[in-house]
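Report on one structure; see the data block that follows.
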Amino acid sequence: MENTTKLKSADEIKVKRKKSDYVLTVIFSIICLFWVYPLFMVLYNSFKKKANIIPYPFDLPNSETFVGGENYVQAVSNSSTGLGFLGALMTSVVITVLSVALILVCTSMCAYYVTRVKTWYTAIFYYFCLFSMIVPFQMIMYPLTVITDRLKLNNPVNISIVYLGFGAGTALFMFTNFLKALPADIEEAAMIDGCGPIKTFFYVVLPIMKPTIISVGILETMWIWNDFLLPSLVLAKEYKTVPIIIQYFNSGRGQTEWGAVMASMVITITPIVILYFCLQKHIIKGVLSGAVKG
Amino acid sequence: MGKTLKKNPLYLLLFMIPTVAAFIIGFVYPFIMGIYLSLCKFKTPKHIDFIGFKNYLKLVEGGTNTDRFLQSFWFTALFAVLSTVLINVLAFTVAVLLTKNFGGTNLFRTIFFMPNLLGGVLLGSIWTILINGILSVFKESLTNKGIYGLIGLLIVLLWQQIGYMMIIYVAGLQGVSEDLKEAAKIDGADSKQILFKVTIPLVMPSISMCTFLTLTNGFKLFDQNIAMTGGLPNHETEMLALNIYNTFYGTRGQMGFAQAKAVVFFLIVGLIAIVQLKITQSKEAD
């Protein structure tokens, strides 16, 4: 369907492009500047002396305030004035990759069992998962920190179990929605050919689920990568993620090394924006399928 | 396939148990414990005294005892309603325009959606710098007056969520068939009538979904709140989630009270979800 609309619009461009269309293009270009400017502001301020950033974020760097890559060096260095930003970046990457991988493997298998085995306990579990989606984090945050401390889930590796538990609802919902519409014929055929349920799942069902896996993966990545409150409460004091470190300096508790803060924001934002422009089709599809939850 | 899976408990163990175990640790246990703790007085998890509904009574009694919970509630409700109306009206307008055929619509959609990839803390920090940069000209700052905080939070949420809701509306609008609009046109309807009598009724599912999403997002807002105002000045811009957080970790010996607030918070959000579900179901039945 996408192809036909694209072809159609390409045709119409030649046939009828009215004057008002150009006006709309100009108006939207101006509005979009407001969407791009805040990020651009972070970029040029990362090259300024720290004293010239706040409260003058609108001034572009000039020969007096320009400091080259100094802020970037400070952001990644581990010295006393450094932010220790690289460590936080590593922690964030470890948590996100492990948690998303664990969520994808475990909940897709679980969703398969829930949709194919229809008994009381799979039904109960499914409804509990749906219910968990409307519970705000504040409701469970204190008891959660108690149990995660006790079970030693307070490090970047084990916290993935917490994310699996609290993120199971959305993922399970999206996977079961897909599997419910999938006829069991193909699986029966694989069974007759001598595949056990495990082989059937990994070699037959999982490849068919690929589009949903990508959507779930993107939604969970966006959530976990940006999550602030859960890791700041659950993780032991020595571990910091990127949002935790940004909030730490933003709240003025650290020495306000604004230059280094700006540089670390640029390091955080750049890969996300590049990834977004490469994967935007998948990302938008993921958001749309996730939004249907409600 | 179902029978084979069900026969052997090994498959139950392999397929279900990892997720179920994590779900019990990450949700079921904390949820039940949360309800129990809201009926208790405690400072550490080791010394818990059951006190019945006293924490809830403290909330109902009002006065200074409520610890600004009511004030937070009204501020949150005001914010949620304002942001819901503004975001949806603007996102819908943008979506209608961006489904027209003019140069750059794809690029514009991409740019509007972009802020959603960055976390609330990052967005809040960036906009704090920008807004304070403007306010400093008038020797003011974001945390000087409650109204500044309210407007600042609104700007950030609009900047972030217009793109998100716009994507959902665009998908809805693309599902409206051109033939229907064409038929209405032939029958003599002008473009305004087509929009209100044909298009809007047909994208009602998208509208109710976006309304629900923005309303619950507004009620649950936390990251942007703590990053931008932290509730300043004098707790005026403290929303419910932050109020609960501050009661837990900012004051001593109020843990049980904070947990009771959290239960009430859950009930409010749950109520919105149920009302939304009922409205959607009655619409679908038509």
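Chains: A, B, ... in order of the structure tokens. Residues: from 1 per chain. Ligands: from 1, in order shown.
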
ask   = Neighbours of Leu60 (chain A) within 10 Å (only C-alpha atoms; same-chain residues fewer than 6 positions away dropped), as a ChimeraX atom specification?
value = /A:41,44-45,47-48,52-53,66

Writing out the chosen residues with N, CA and C atoms as a short mmCIF file (atom, residue, chain, number, x, y, z; two decimals), in the first residue's frame:
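Written file, result.cif:
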data_model
loop_
_atom_site.label_atom_id
_atom_site.label_comp_id
_atom_site.auth_asym_id
_atom_site.auth_seq_id
_atom_site.Cartn_x
_atom_site.Cartn_y
_atom_site.Cartn_z
N MET A 41 21.22 23.79 19.66
CA MET A 41 21.71 24.60 20.78
C MET A 41 22.69 23.80 21.62
N TYR A 44 26.16 23.46 19.60
CA TYR A 44 27.13 24.56 19.56
C TYR A 44 27.59 25.00 20.94
N ASN A 45 26.73 24.77 21.96
CA ASN A 45 27.19 25.11 23.31
C ASN A 45 28.27 24.16 23.82
N PHE A 47 30.84 23.45 22.42
CA PHE A 47 32.16 23.95 22.02
C PHE A 47 32.51 25.28 22.70
N LYS A 48 31.65 25.68 23.67
CA LYS A 48 31.89 26.96 24.33
C LYS A 48 32.52 26.78 25.71
N ASN A 52 30.30 30.60 29.61
CA ASN A 52 29.50 31.30 28.61
C ASN A 52 28.25 30.53 28.20
N ILE A 53 28.00 29.40 28.85
CA ILE A 53 26.84 28.59 28.45
C ILE A 53 25.58 29.04 29.18
N PHE A 66 35.17 29.99 22.10
CA PHE A 66 35.36 28.68 21.51
C PHE A 66 36.50 27.93 22.21
#

request  = Find the residues near region 250-255 of chain B: any atom within 10 Å, counting only C-alpha atoms, skip ones fewer than 5 places away on the same chain, and give them as a PyMOL selection string.
outcome  = (chain A and resi 142) or (chain B and resi 37-38+40-45+55+243-245+260-261)

key: Filtered DSSP result for region 38-242 of chain B, state helix (DSSP H, G or I), as number ranges by chain   = B: 54-61, 63-66, 69-98, 105-117, 120-138, 146-174, 178-186, 191-202, 204-220, 223-228, 240-242

ask   = What does the distance from CA of Lys180 (chain A) to CA of Arg116 (chain A) come to in Å, to one decimal?
value = 8.5 Å

task = Kindly determine which residues of chain B lie within 7 Å of chain A, considering only C-alpha atoms, and give the answer as an MDAnalysis selection string.
result = chainID B and resid 1:2 5:6 15:16 18:19 22:27 30:31 33:34 101:104 108 111:112 117:119 121:122 125:126 129:130 132:133 136 168 209 227 241 262:263 266 270

inquiry  = Between CA of Arg68 (chain B) and CA of Met239 (chain B), what is the distance in Å, rounded to a tenth?
reply    =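 One can read the CA of Arg68 (chain B) to CA of Met239 (chain B) distance as 10.0 Å.
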
query = Residues at most 10 Å from Glu70 (chain A), counting only C-alpha atoms, excluding those fewer than 3 positions away in the same chain, as a list in words?
reply =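 Contacts, in chain order: Ser46, Phe47, Lys48, Lys49, Phe66, Val67, Val73, Gln74, Ala75, Gly259, Ala260 and Ala263 of chain A.
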